[in-house]
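To start, the structure itself, in structure tokens.
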Amino acid sequence: MNRRVFMGALVGGLLAAPLAAEAQKAGKVPRVGLLGLGSAESSSPFFEALRQGLRERGWVEGQNIAFEDRTTVRQYSRLPDVAAELVRLKVDVIVTWGTTPALAASKATGTIPIVTTAGSDPVETGLAASLARPGGNVTGLTNSGRELVGKRIELLKETLPGLSRIAVLWNPESRTQLGSLRNAEAAARSLGLHVQPAEVRRPEDLEKAFASIAQKRPEALVLAPSNMFRAHRARIVELAARHRLPATFSDRGFVEAGGLMSYGPDEKAIFRQLANYVDRILKGAKPGDLPIEQPTKFELVINMKTAKALGLTIPPSLLARADEVIQ
């Protein structure tokens, strides 16, 4: 009898060990690292859209998912260190906003899944082998950011038929910005426009850059998409207004802050879509097997109050195409 009790306890213990391990694994709350360059004001609405998308899929913060928020990195040079910090924390997924943060994360880890929205071609930048089958640990969406610079220049030309000179604000510290500048120059040439580049490496350079722009007397301004610019959009909009420069931007946040117009993908919709990737990865999918998608919804937003302040008449055909007109 004692022998049977002993053997039963032994077998029970052997069976309980893997069951306990599985229970511990099942009880583990996955952690998602959030990595972005900017400020709380510029990044919070988009990462909140990610959280909302995850809630819709049953992932509730404080219950079955946790976040390591690193979305307010102020300098490009800090991104590698912050990405390495998330790797040390052994998060289960890293979600990044923009190509440069995605590159920093991919250099920090080749194993932790990375879900990103990139403004440049992820194949060209080495983040993925192909859009259909990324093959590594990076997937997500590519928002064609730099290609849309040309469309924004076209909108300025439509608004200002006599336009001949346009300033392009860009940051050479960002790996993707040179491509945006080249796209802007090509689009401008096709419209018979002359481009005047203005460099901004740090937020402290904005005043100097606008002073330089004013000396060259361009008739309009376009920004290369940049999270750093988004973080300081209120300052940029104020400087554009001070120098009476009609400007077009990458997202509606600039127009809501007083900018003239924006054209680009619906960023909140993109982040809600990123939630689907995170959900699938947390349920066992490999990022290398998940195709990188492109946004399907783009929006044109125009601020009529700003147009009036600049003495501009927005063509009726342009107003008719606008998704929103701010009065």
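Identifiers in this document derive from the order of the structure tokens: chains are assigned A, B, ..., residues are numbered from 1 separately in each chain, and ligands are numbered from 1 in order of occurrence.
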Exercise for the section: Give the strand (DSSP E or B) residues of segment 177-322 of chain A, as DSSP finds them on the backbone, and put them as a PyMOL selection string. Expected result: chain A and resi 194-199+220-223+247-249+261-265+293+298-303
Could I get the residues of segment 219-323 of chain A with an atom no further than 12 Å from an atom of segment 159-183 of chain A, each paired with its nearest atom pair and that distance in Å to one decimal, using only C-alpha atoms, sorted by chain and residue number, as JSON lines?
{"residue": "A:Glu219", "atom": "CA", "partner": "A:Arg165", "partner_atom": "CA", "distance": 5.7}
{"residue": "A:Ala220", "atom": "CA", "partner": "A:Ile166", "partner_atom": "CA", "distance": 5.0}
{"residue": "A:Leu221", "atom": "CA", "partner": "A:Ala167", "partner_atom": "CA", "distance": 4.8}
{"residue": "A:Val222", "atom": "CA", "partner": "A:Val168", "partner_atom": "CA", "distance": 5.1}
{"residue": "A:Leu223", "atom": "CA", "partner": "A:Leu169", "partner_atom": "CA", "distance": 4.8}
{"residue": "A:Ala224", "atom": "CA", "partner": "A:Trp170", "partner_atom": "CA", "distance": 5.3}
{"residue": "A:Pro225", "atom": "CA", "partner": "A:Gln177", "partner_atom": "CA", "distance": 7.6}
{"residue": "A:Ser226", "atom": "CA", "partner": "A:Gln177", "partner_atom": "CA", "distance": 7.8}
{"residue": "A:Asn227", "atom": "CA", "partner": "A:Ser174", "partner_atom": "CA", "distance": 10.0}
{"residue": "A:Met228", "atom": "CA", "partner": "A:Asn171", "partner_atom": "CA", "distance": 8.8}
{"residue": "A:Phe229", "atom": "CA", "partner": "A:Trp170", "partner_atom": "CA", "distance": 8.9}
{"residue": "A:Ile236", "atom": "CA", "partner": "A:Leu169", "partner_atom": "CA", "distance": 10.0}
{"residue": "A:Ala240", "atom": "CA", "partner": "A:Ala167", "partner_atom": "CA", "distance": 11.1}
{"residue": "A:Leu245", "atom": "CA", "partner": "A:Ala167", "partner_atom": "CA", "distance": 9.4}
{"residue": "A:Pro246", "atom": "CA", "partner": "A:Leu160", "partner_atom": "CA", "distance": 9.1}
{"residue": "A:Ala247", "atom": "CA", "partner": "A:Ala167", "partner_atom": "CA", "distance": 9.3}
{"residue": "A:Thr248", "atom": "CA", "partner": "A:Val168", "partner_atom": "CA", "distance": 10.3}
{"residue": "A:Phe249", "atom": "CA", "partner": "A:Leu169", "partner_atom": "CA", "distance": 10.6}
{"residue": "A:Ser250", "atom": "CA", "partner": "A:Ser180", "partner_atom": "CA", "distance": 11.7}
{"residue": "A:Leu260", "atom": "CA", "partner": "A:Thr159", "partner_atom": "CA", "distance": 10.6}
{"residue": "A:Met261", "atom": "CA", "partner": "A:Thr159", "partner_atom": "CA", "distance": 10.3}
{"residue": "A:Ile302", "atom": "CA", "partner": "A:Thr159", "partner_atom": "CA", "distance": 11.1}
{"residue": "A:Ala307", "atom": "CA", "partner": "A:Thr159", "partner_atom": "CA", "distance": 10.0}
{"residue": "A:Leu310", "atom": "CA", "partner": "A:Leu160", "partner_atom": "CA", "distance": 11.6}
{"residue": "A:Gly311", "atom": "CA", "partner": "A:Leu160", "partner_atom": "CA", "distance": 11.2}
{"residue": "A:Leu312", "atom": "CA", "partner": "A:Thr159", "partner_atom": "CA", "distance": 7.9}
{"residue": "A:Thr313", "atom": "CA", "partner": "A:Thr159", "partner_atom": "CA", "distance": 7.5}
{"residue": "A:Ile314", "atom": "CA", "partner": "A:Thr159", "partner_atom": "CA", "distance": 5.8}
{"residue": "A:Pro315", "atom": "CA", "partner": "A:Thr159", "partner_atom": "CA", "distance": 6.4}
{"residue": "A:Pro316", "atom": "CA", "partner": "A:Thr159", "partner_atom": "CA", "distance": 10.0}
{"residue": "A:Ser317", "atom": "CA", "partner": "A:Thr159", "partner_atom": "CA", "distance": 10.0}
{"residue": "A:Leu318", "atom": "CA", "partner": "A:Thr159", "partner_atom": "CA", "distance": 8.0}
{"residue": "A:Leu319", "atom": "CA", "partner": "A:Thr159", "partner_atom": "CA", "distance": 10.3}
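Nearest to Val149 of chain A of all the residues A:Ala188, A:Ala198, A:Leu54, A:Ala128 is A:Ala188, based on only C-alpha atoms.
Remark: for Arg252 of chain A, the closest of the candidate residues A:Phe298, A:Tyr76, A:Phe67, A:Phe271 is A:Phe298 (distances computed over only C-alpha atoms).
Residues in contact with Ala269 of chain A at 9 Å, where only C-alpha atoms are counted and same-chain residues fewer than 6 positions away are skipped, are listed as Phe46, Ala49, Leu50, Pro295 and Lys297 of chain A.
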Export N, CA and C atoms of the chosen residues as an mmCIF file, in the first residue's frame?
data_model
loop_
_atom_site.group_PDB
_atom_site.id
_atom_site.type_symbol
_atom_site.label_atom_id
_atom_site.label_comp_id
_atom_site.auth_asym_id
_atom_site.auth_seq_id
_atom_site.Cartn_x
_atom_site.Cartn_y
_atom_site.Cartn_z
ATOM 1 N N PHE A 46 -1.917 58.352 -31.530
ATOM 2 C CA PHE A 46 -1.725 57.217 -32.418
ATOM 3 C C PHE A 46 -1.515 55.920 -31.629
ATOM 4 N N ALA A 49 -4.676 54.753 -30.342
ATOM 5 C CA ALA A 49 -5.439 54.026 -31.363
ATOM 6 C C ALA A 49 -4.993 52.567 -31.417
ATOM 7 N N LEU A 50 -3.699 52.324 -31.208
ATOM 8 C CA LEU A 50 -3.193 50.948 -31.129
ATOM 9 C C LEU A 50 -3.823 50.220 -29.953
ATOM 10 N N PRO A 295 -1.498 51.510 -46.462
ATOM 11 C CA PRO A 295 -2.777 52.102 -46.044
ATOM 12 C C PRO A 295 -3.713 52.280 -47.227
ATOM 13 N N LYS A 297 -6.664 54.347 -46.745
ATOM 14 C CA LYS A 297 -7.432 55.568 -46.520
ATOM 15 C C LYS A 297 -6.496 56.768 -46.413
#
Just want the 9 Å neighbourhood of Gly53 of chain A, counted on only C-alpha atoms, with same-chain residues fewer than 5 positions away dropped. Output as a PDB file with N, CA and C atoms, in the first residue's frame.
ATOM      1  N   GLU A  48      -2.593  55.433 -28.693  1.00  0.00           N
ATOM      2  CA  GLU A  48      -3.876  55.146 -28.064  1.00  0.00           C
ATOM      3  C   GLU A  48      -4.786  54.421 -29.053  1.00  0.00           C
ATOM      4  N   TRP A  59      -7.520  42.385 -25.837  1.00  0.00           N
ATOM      5  CA  TRP A  59      -6.310  42.655 -25.056  1.00  0.00           C
ATOM      6  C   TRP A  59      -6.513  43.933 -24.258  1.00  0.00           C
ATOM      7  N   PHE A 271      -2.657  52.744 -37.024  1.00  0.00           N
ATOM      8  CA  PHE A 271      -2.307  52.144 -35.741  1.00  0.00           C
ATOM      9  C   PHE A 271      -3.353  51.141 -35.271  1.00  0.00           C
ATOM     10  N   ARG A 272      -4.613  51.400 -35.612  1.00  0.00           N
ATOM     11  CA  ARG A 272      -5.626  50.381 -35.300  1.00  0.00           C
ATOM     12  C   ARG A 272      -5.363  49.114 -36.108  1.00  0.00           C
ATOM     13  N   GLN A 273      -4.843  49.302 -37.322  1.00  0.00           N
ATOM     14  CA  GLN A 273      -4.514  48.156 -38.161  1.00  0.00           C
ATOM     15  C   GLN A 273      -3.281  47.412 -37.623  1.00  0.00           C
ATOM     16  N   LEU A 274      -2.347  48.161 -37.042  1.00  0.00           N
ATOM     17  CA  LEU A 274      -1.172  47.526 -36.442  1.00  0.00           C
ATOM     18  C   LEU A 274      -1.575  46.590 -35.306  1.00  0.00           C
ATOM     19  N   ALA A 275      -2.685  46.914 -34.638  1.00  0.00           N
ATOM     20  CA  ALA A 275      -3.166  46.073 -33.542  1.00  0.00           C
ATOM     21  C   ALA A 275      -3.453  44.656 -34.024  1.00  0.00           C
ATOM     22  N   ASN A 276      -3.886  44.524 -35.273  1.00  0.00           N
ATOM     23  CA  ASN A 276      -4.149  43.192 -35.816  1.00  0.00           C
ATOM     24  C   ASN A 276      -2.867  42.365 -35.898  1.00  0.00           C
TER      25      ASN A 276
END
Exercise for the section: Excluding Asp251 of chain A and residues on its chain fewer than 3 positions from it, collect all residues at most 8 Å away from it, counting only C-alpha atoms, and give them as a PyMOL selection string. Expected result: chain A and resi 254-255+262-267
Exercise for the section: Quick one: pull the distance between atom CA of Thr142 of chain A and atom CA of Gly119 of chain A, Å, one decimal. Expected result: 5.8 Å
